[in-house]
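Take a look at the structure below.
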Amino acid sequence: MNKKEFLNLGKQPIANGFLTEGNFNSEFFYDLSVGLDEDTKLVTHMDYVKPELMFNDTYAYRGSMSKTMRDHFSETSELLRKHLSDKPRVLEIGSNDGVFLKNWDKDTTIAVEPCSNFAKETNDLGYLTYDGFWTKQLSETIVEENGWMDLIFAANCICHIPDLDQTFAAIENTLTDHGFFVFEDPSLVKMINENSYDQIYDEHPHIFSITALKTILERNGLTIVRVDNTPVHGGSNRIWVQRTMFAKPDESVENNLTHERIIGLDDPYTFERFANKVSDSKTDLVRLLSRCVDSGKKVISYGATSKSTTVFNYCGIGPDLIQYITDTTPEKQNKFSPGVHIPIVKPEGNFDNSVDFAFLGAWNFAQEIRNKESEYTGKFITHVPVVRIV
Ligand code: TMP
């Protein structure tokens with residue numbers, strides 16, 4: 001790759017590495033800087049964090065914690081079924097706690113998951129789950145033991161994998177002739193337009209454009225045949241791919257490529273402008289939170305997200321500005337947030353009307369949260385697309 005750096009988000013910890021007090025001194029930090037690969041136009045980290053440091057048997061993120069995501073995967077499954085035969089063989093890469101799997105038949109659906117705690121959970125549910133990283137070798141074992149797949153699905157997973165060529169080549173080996181590989185990941189268009197720089201953290205070594213994916217997929221015998229722009233996770237793309245020999249792209253592919261050309265996703269200047277906006281966002285957020293605290297207000301954060309790890313560490317926001325974070329995930333409660341060590345507590349008894357301002361760490365679930373917290377009399381603060389009280 002021929003990468004040119006455009007953004008540095010400073011020293012960052014493992015985004016989902018929630019800790020106890022005893023682990024503060026041994027916490028791992030790395031330098032988070034992002035570049036544009038001049039050959040493929042891929043937006044990618046300058047250096048990658050070792051996957052084993054992030055995806056292991058203590059992985060804390062549970063996909064099924066929000067109704068938005070449970071509904072999203074049930075609707076996505078309905079849509080996919082319309083394009084498949086009656087009893088399709090399905091493989092999910094990165095199945096987490098089974099939020100997508102649960103919509104499919106146990107006899108014909110298998111999974112790959114490197115976080116052993118979750119691989120065990122979905123094996124116990126009855127879905128054969130290979131506990132490991134997606135590699136060429138594992139793909140060969142899967143084909144040998146289960147045959148080729150009619151659908152390979154991956155949500156918020158492919159952008160986690162540093163080596164895309166190996167990943168796509170292994171997928172190409174595993175698909176039936178007319179099979180679909182469908183994957184969803186955060187959209188670079190959305191990140192640039194919404195200034196949502198917190199999509200960038202260790203687990204997201206790449207933020208995908210269709211432009212970059214087209215080049216990398218095609219050199220591995222795969223072609224994009226359809227792109228759906230979806231609102232989940234602050235704006236994602238669902239990308240449908242087939243073997244090049246059998247692919248008939250629809251107009252959504254060219255429409256997305258044209259839009260990306262128009263907004264300049266292949267132009268280094270677009271990324272310089274983005275970096276300047278990110279720096280302004282930091283100044284504005286720290287000033288707003290400081291003014292709230294200086295006025296004697298109680299400020300907390302809602303949702304201990306990986307995105308908020310980026311924000312808090314980049315902006316230097318710690319317990320002096322945010323008293324605590326509430327989160328519904330049992331694995332995160334009674335721990336401390338990565339890097340800046342803000343306490344994480346369960347919402348019950350902690351998210352009430354004694355709170356004046358709640359920073360939306362989970363801004364991508366703003367609607368769900370507002371519906372759920374309709375009795376809350378305080379205000380929310382967000383930084384997307386600009387820092388403001390909402
Ligand atoms: P995500 O943005 O990476 O999906 O993480 C969302 C986090 O926010 C996850 O830890 C669950 C938490 N959360 C709450 O605590 N309450 C909520 O109402 C919602 C929607 C999410």
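We label chains A, B, ... in the order they appear in the structure tokens, count residues from 1 in each chain, and number ligands from 1 in the order shown.
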With only C-alpha atoms and all ligand atoms counted, collect every polymer residue having an atom within 8 Å of ligand 1; state the result as a ChimeraX atom specification.
/A:61-63,65-68,233,302-307,326-329,332,346-347,361-366,368-369,372
Backbone-only DSSP, alpha helix (DSSP H) members of segment 306-379 of chain A, as a PDB file with N, CA and C atoms, in the first residue's frame:
```
ATOM      1  N   SER A 306     -17.503   1.993  21.894  1.00  0.00           N
ATOM      2  CA  SER A 306     -16.120   2.060  21.392  1.00  0.00           C
ATOM      3  C   SER A 306     -15.883   3.434  20.793  1.00  0.00           C
ATOM      4  N   LYS A 307     -16.944   4.011  20.201  1.00  0.00           N
ATOM      5  CA  LYS A 307     -16.799   5.346  19.606  1.00  0.00           C
ATOM      6  C   LYS A 307     -16.419   6.371  20.668  1.00  0.00           C
ATOM      7  N   SER A 308     -17.042   6.233  21.869  1.00  0.00           N
ATOM      8  CA  SER A 308     -16.722   7.244  22.891  1.00  0.00           C
ATOM      9  C   SER A 308     -15.307   7.048  23.440  1.00  0.00           C
ATOM     10  N   THR A 309     -14.747   5.851  23.296  1.00  0.00           N
ATOM     11  CA  THR A 309     -13.324   5.681  23.664  1.00  0.00           C
ATOM     12  C   THR A 309     -12.463   6.607  22.803  1.00  0.00           C
ATOM     13  N   THR A 310     -12.746   6.648  21.503  1.00  0.00           N
ATOM     14  CA  THR A 310     -11.985   7.543  20.617  1.00  0.00           C
ATOM     15  C   THR A 310     -12.165   8.997  21.033  1.00  0.00           C
ATOM     16  N   VAL A 311     -13.429   9.390  21.256  1.00  0.00           N
ATOM     17  CA  VAL A 311     -13.713  10.803  21.577  1.00  0.00           C
ATOM     18  C   VAL A 311     -13.023  11.200  22.878  1.00  0.00           C
ATOM     19  N   PHE A 312     -13.222  10.397  23.931  1.00  0.00           N
ATOM     20  CA  PHE A 312     -12.711  10.810  25.242  1.00  0.00           C
ATOM     21  C   PHE A 312     -11.180  10.837  25.264  1.00  0.00           C
ATOM     22  N   ASN A 313     -10.548   9.876  24.596  1.00  0.00           N
ATOM     23  CA  ASN A 313      -9.085   9.850  24.610  1.00  0.00           C
ATOM     24  C   ASN A 313      -8.492  10.920  23.695  1.00  0.00           C
ATOM     25  N   TYR A 314      -9.104  11.151  22.551  1.00  0.00           N
ATOM     26  CA  TYR A 314      -8.618  12.204  21.642  1.00  0.00           C
ATOM     27  C   TYR A 314      -8.790  13.589  22.280  1.00  0.00           C
ATOM     28  N   CYS A 315      -9.936  13.794  22.941  1.00  0.00           N
ATOM     29  CA  CYS A 315     -10.231  15.121  23.507  1.00  0.00           C
ATOM     30  C   CYS A 315      -9.679  15.283  24.925  1.00  0.00           C
ATOM     31  N   ALA A 366     -29.671   7.439  19.026  1.00  0.00           N
ATOM     32  CA  ALA A 366     -30.323   8.611  19.641  1.00  0.00           C
ATOM     33  C   ALA A 366     -31.841   8.448  19.677  1.00  0.00           C
ATOM     34  N   GLN A 367     -32.431   7.992  18.590  1.00  0.00           N
ATOM     35  CA  GLN A 367     -33.899   7.898  18.553  1.00  0.00           C
ATOM     36  C   GLN A 367     -34.404   6.876  19.559  1.00  0.00           C
ATOM     37  N   GLU A 368     -33.774   5.701  19.575  1.00  0.00           N
ATOM     38  CA  GLU A 368     -34.178   4.651  20.524  1.00  0.00           C
ATOM     39  C   GLU A 368     -34.050   5.159  21.969  1.00  0.00           C
ATOM     40  N   ILE A 369     -32.976   5.889  22.245  1.00  0.00           N
ATOM     41  CA  ILE A 369     -32.726   6.381  23.605  1.00  0.00           C
ATOM     42  C   ILE A 369     -33.763   7.443  23.978  1.00  0.00           C
ATOM     43  N   ARG A 370     -34.046   8.349  23.066  1.00  0.00           N
ATOM     44  CA  ARG A 370     -35.031   9.394  23.358  1.00  0.00           C
ATOM     45  C   ARG A 370     -36.416   8.788  23.606  1.00  0.00           C
ATOM     46  N   ASN A 371     -36.763   7.750  22.835  1.00  0.00           N
ATOM     47  CA  ASN A 371     -38.063   7.086  23.052  1.00  0.00           C
ATOM     48  C   ASN A 371     -38.094   6.458  24.440  1.00  0.00           C
ATOM     49  N   LYS A 372     -36.980   5.796  24.786  1.00  0.00           N
ATOM     50  CA  LYS A 372     -36.917   5.069  26.054  1.00  0.00           C
ATOM     51  C   LYS A 372     -36.887   6.021  27.248  1.00  0.00           C
TER      52      LYS A 372
END
```
What is the atom CA of Glu254 of chain A to atom CA of Gly179 of chain A distance in Å?
21.5 Å
Please, what distance in Å, to one decimal, runs between atom CA of Phe28 of chain A and atom CA of Asp280 of chain A?
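Answer for the atom CA of Phe28 of chain A to atom CA of Asp280 of chain A separation: 27.4 Å.
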What is the atom CA of Lys379 of chain A to atom CA of Glu348 of chain A distance in Å?
18.0 Å
Which residues come within 7 Å of Val227 of chain A, counting only C-alpha atoms, excluding same-chain residues fewer than 6 positions away, as a VMD selection string?
chain A and resid 237 to 240 252 to 253
Quick one: residues within 10 Å of Ser301 of chain A, only C-alpha atoms counted, chain neighbours fewer than 6 positions away excluded, as a ChimeraX atom specification?
/A:308,321-327,342,344,351,355,357-362,380-381
Find the residues around Thr174 of chain A up to 9 Å (only C-alpha atoms counted), leave out those fewer than 5 positions away in its own chain, and share them as a list in words.
Ser139, Glu140, Ile142, Val143, Gly147, Trp148, Met149, Asp150, Ile152 and Ala169 of chain A
Shell of 10 Å around Asp250 of chain A, only C-alpha atoms, local chain residues under 6 positions omitted, as number ranges by chain
A: 224-227
Convert the current residue selection to file output with N, CA and C atoms, as a short mmCIF file (atom, residue, chain, number, x, y, z; two decimals), in the first residue's frame.
```cif
data_model
loop_
_atom_site.label_atom_id
_atom_site.label_comp_id
_atom_site.auth_asym_id
_atom_site.auth_seq_id
_atom_site.Cartn_x
_atom_site.Cartn_y
_atom_site.Cartn_z
N ILE A 224 -19.11 -6.16 -6.97
CA ILE A 224 -20.25 -5.60 -6.21
C ILE A 224 -21.45 -5.54 -7.15
N VAL A 225 -22.59 -6.11 -6.71
CA VAL A 225 -23.77 -6.11 -7.58
C VAL A 225 -24.88 -5.20 -7.05
N ARG A 226 -24.78 -4.78 -5.79
CA ARG A 226 -25.83 -3.92 -5.24
C ARG A 226 -25.30 -3.25 -3.97
N VAL A 227 -25.71 -2.01 -3.74
CA VAL A 227 -25.33 -1.30 -2.51
C VAL A 227 -26.58 -0.70 -1.89
#
```
Residue nearest Asp165 of chain A among A:Leu285, A:Val112, A:Met1, A:Val345 (counting only C-alpha atoms):
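For Asp165 of chain A, the nearest of the given residues is A:Met1.
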List every residue of segment 41-274 of chain A that DSSP, applied to the backbone of this structure, assigns to strand (DSSP E or B), and report them as a PyMOL selection string.
chain A and resi 43-45+90-93+109-112+128-130+149-155+175-187+206-208+222-230+236-243
Those same residues, written as a short mmCIF file (atom, residue, chain, number, x, y, z; two decimals), in the first residue's frame with N, CA and C atoms?
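Saved as result06.cif:
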```cif
data_model
loop_
_atom_site.label_atom_id
_atom_site.label_comp_id
_atom_site.auth_asym_id
_atom_site.auth_seq_id
_atom_site.Cartn_x
_atom_site.Cartn_y
_atom_site.Cartn_z
N VAL A 43 -9.34 4.18 2.91
CA VAL A 43 -9.02 4.91 4.13
C VAL A 43 -8.69 3.86 5.19
N THR A 44 -7.48 3.91 5.71
CA THR A 44 -6.99 2.80 6.53
C THR A 44 -5.97 3.31 7.55
N HIS A 45 -5.85 2.60 8.68
CA HIS A 45 -4.89 3.00 9.69
C HIS A 45 -3.46 2.91 9.14
N VAL A 90 -25.90 -21.15 4.91
CA VAL A 90 -25.51 -19.79 5.32
C VAL A 90 -24.32 -19.84 6.27
N LEU A 91 -23.38 -18.93 6.05
CA LEU A 91 -22.23 -18.78 6.95
C LEU A 91 -22.17 -17.32 7.39
N GLU A 92 -22.09 -17.11 8.69
CA GLU A 92 -21.84 -15.75 9.15
C GLU A 92 -20.40 -15.65 9.66
N ILE A 93 -19.70 -14.61 9.21
CA ILE A 93 -18.34 -14.34 9.72
C ILE A 93 -18.46 -13.24 10.78
N THR A 109 -27.12 -23.33 9.03
CA THR A 109 -26.41 -22.07 9.28
C THR A 109 -25.23 -22.31 10.21
N ILE A 110 -24.07 -21.83 9.79
CA ILE A 110 -22.87 -21.98 10.63
C ILE A 110 -22.20 -20.61 10.79
N ALA A 111 -21.20 -20.54 11.67
CA ALA A 111 -20.60 -19.24 11.96
C ALA A 111 -19.12 -19.39 12.28
N VAL A 112 -18.44 -18.23 12.16
CA VAL A 112 -17.04 -18.13 12.57
C VAL A 112 -16.94 -16.95 13.53
N LEU A 128 -23.49 -24.30 14.81
CA LEU A 128 -22.09 -24.71 14.75
C LEU A 128 -21.22 -23.47 14.51
N THR A 129 -20.37 -23.15 15.50
CA THR A 129 -19.55 -21.93 15.41
C THR A 129 -18.07 -22.30 15.53
N TYR A 130 -17.31 -21.98 14.49
CA TYR A 130 -15.86 -22.21 14.52
C TYR A 130 -15.23 -21.07 15.31
N MET A 149 -21.10 -22.36 0.33
CA MET A 149 -22.17 -21.59 0.97
C MET A 149 -22.96 -20.76 -0.06
N ASP A 150 -24.29 -20.71 0.13
CA ASP A 150 -25.14 -19.88 -0.74
C ASP A 150 -25.12 -18.43 -0.30
N LEU A 151 -24.91 -18.23 1.01
CA LEU A 151 -24.83 -16.86 1.53
C LEU A 151 -23.70 -16.79 2.55
N ILE A 152 -22.82 -15.83 2.35
CA ILE A 152 -21.84 -15.50 3.40
C ILE A 152 -22.19 -14.09 3.86
N PHE A 153 -22.47 -13.95 5.14
CA PHE A 153 -22.89 -12.66 5.68
C PHE A 153 -21.88 -12.21 6.73
N ALA A 154 -21.65 -10.91 6.79
CA ALA A 154 -20.77 -10.36 7.84
C ALA A 154 -21.24 -8.94 8.14
N ALA A 155 -21.49 -8.63 9.40
CA ALA A 155 -21.91 -7.28 9.77
C ALA A 155 -20.89 -6.70 10.74
N LEU A 175 -17.85 -19.62 -1.70
CA LEU A 175 -19.19 -19.36 -2.25
C LEU A 175 -19.58 -20.36 -3.33
N THR A 176 -20.88 -20.69 -3.40
CA THR A 176 -21.37 -21.43 -4.57
C THR A 176 -21.29 -20.50 -5.79
N ASP A 177 -21.45 -21.04 -7.00
CA ASP A 177 -21.31 -20.22 -8.21
C ASP A 177 -22.19 -18.98 -8.17
N HIS A 178 -23.46 -19.16 -7.77
CA HIS A 178 -24.40 -18.03 -7.79
C HIS A 178 -24.63 -17.46 -6.39
N GLY A 179 -23.77 -17.83 -5.46
CA GLY A 179 -23.95 -17.40 -4.07
C GLY A 179 -23.69 -15.91 -3.88
N PHE A 180 -24.19 -15.40 -2.75
CA PHE A 180 -23.99 -13.99 -2.41
C PHE A 180 -23.09 -13.86 -1.19
N PHE A 181 -22.19 -12.89 -1.27
CA PHE A 181 -21.47 -12.44 -0.08
C PHE A 181 -22.04 -11.04 0.22
N VAL A 182 -22.64 -10.89 1.40
CA VAL A 182 -23.27 -9.61 1.76
C VAL A 182 -22.63 -9.13 3.05
N PHE A 183 -22.15 -7.90 3.02
CA PHE A 183 -21.54 -7.39 4.25
C PHE A 183 -21.92 -5.94 4.51
N GLU A 184 -21.96 -5.62 5.80
CA GLU A 184 -22.34 -4.27 6.22
C GLU A 184 -21.23 -3.66 7.06
N ASP A 185 -20.91 -2.43 6.76
CA ASP A 185 -19.90 -1.73 7.56
C ASP A 185 -20.19 -0.22 7.49
N PRO A 186 -19.64 0.54 8.44
CA PRO A 186 -19.85 1.99 8.42
C PRO A 186 -19.40 2.60 7.09
N SER A 187 -20.14 3.66 6.70
CA SER A 187 -19.91 4.29 5.39
C SER A 187 -18.95 5.47 5.52
N HIS A 206 -10.22 -0.06 8.72
CA HIS A 206 -10.61 0.59 7.47
C HIS A 206 -12.00 1.20 7.63
N ILE A 207 -12.21 2.34 6.99
CA ILE A 207 -13.57 2.87 6.83
C ILE A 207 -13.82 2.83 5.32
N PHE A 208 -14.83 2.06 4.91
CA PHE A 208 -14.94 1.71 3.50
C PHE A 208 -15.70 2.73 2.64
N LEU A 222 -14.23 -11.02 -7.36
CA LEU A 222 -15.56 -10.71 -6.84
C LEU A 222 -16.01 -9.34 -7.35
N THR A 223 -17.32 -9.19 -7.53
CA THR A 223 -17.86 -7.93 -8.06
C THR A 223 -19.05 -7.46 -7.22
N ILE A 224 -19.11 -6.16 -6.97
CA ILE A 224 -20.25 -5.60 -6.21
C ILE A 224 -21.45 -5.54 -7.15
N VAL A 225 -22.59 -6.11 -6.71
CA VAL A 225 -23.77 -6.11 -7.58
C VAL A 225 -24.88 -5.20 -7.05
N ARG A 226 -24.78 -4.78 -5.79
CA ARG A 226 -25.83 -3.92 -5.24
C ARG A 226 -25.30 -3.25 -3.97
N VAL A 227 -25.71 -2.01 -3.74
CA VAL A 227 -25.33 -1.30 -2.51
C VAL A 227 -26.58 -0.70 -1.89
N ASP A 228 -26.84 -1.01 -0.63
CA ASP A 228 -27.95 -0.38 0.10
C ASP A 228 -27.34 0.55 1.14
N ASN A 229 -27.78 1.79 1.18
CA ASN A 229 -27.33 2.72 2.23
C ASN A 229 -28.32 2.57 3.38
N THR A 230 -27.82 2.18 4.57
CA THR A 230 -28.71 1.95 5.71
C THR A 230 -28.35 2.93 6.84
N SER A 236 -24.43 3.18 7.38
CA SER A 236 -23.62 2.05 6.91
C SER A 236 -23.97 1.74 5.45
N ASN A 237 -23.17 0.91 4.84
CA ASN A 237 -23.52 0.35 3.53
C ASN A 237 -23.69 -1.14 3.66
N ARG A 238 -24.76 -1.66 3.04
CA ARG A 238 -24.90 -3.12 2.89
C ARG A 238 -24.49 -3.41 1.46
N ILE A 239 -23.41 -4.20 1.31
CA ILE A 239 -22.80 -4.40 0.00
C ILE A 239 -23.01 -5.85 -0.42
N TRP A 240 -23.62 -6.03 -1.59
CA TRP A 240 -23.91 -7.37 -2.12
C TRP A 240 -22.86 -7.68 -3.17
N VAL A 241 -22.29 -8.87 -3.07
CA VAL A 241 -21.17 -9.23 -3.94
C VAL A 241 -21.41 -10.62 -4.52
N GLN A 242 -21.00 -10.82 -5.77
CA GLN A 242 -21.05 -12.17 -6.37
C GLN A 242 -19.74 -12.45 -7.08
N ARG A 243 -19.57 -13.72 -7.44
CA ARG A 243 -18.41 -14.05 -8.26
C ARG A 243 -18.51 -13.24 -9.55
#
```
Nearest to Arg81 of chain A: which of A:Glu218, A:Glu331, A:Asp105, A:Glu203 is it, counting only C-alpha atoms?
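Smallest separation from Arg81 of chain A among the options: A:Asp105.
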For Arg261 of chain A, find every residue with an atom within 12 Å (counting only C-alpha atoms), except residues of its own chain fewer than 2 positions away, and show them as a PyMOL selection string.
chain A and resi 41+189+209-212+254-259+263-267+270
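Take the candidates A:Ser33, A:Asn56, A:Ser337, A:Asn146 and check each one against Pro114 of chain A using only C-alpha atoms; the shortest distance goes to A:Asn56.
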Counting only C-alpha atoms, which residue out of A:Val390, A:Lys82, A:Asp356, A:Lys277 sits closest to Thr377 of chain A?
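Ranking A:Val390, A:Lys82, A:Asp356, A:Lys277 by distance to Thr377 of chain A, first place goes to A:Asp356.
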Check the smallest atom-to-atom distance from each of A:Gly316, A:Pro88, A:Pro385, A:Gly22 to Ile192 of chain A using only C-alpha atoms, then report the winner.
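Between A:Gly316, A:Pro88, A:Pro385, A:Gly22, the residue approaching Ile192 of chain A most closely is A:Pro385.
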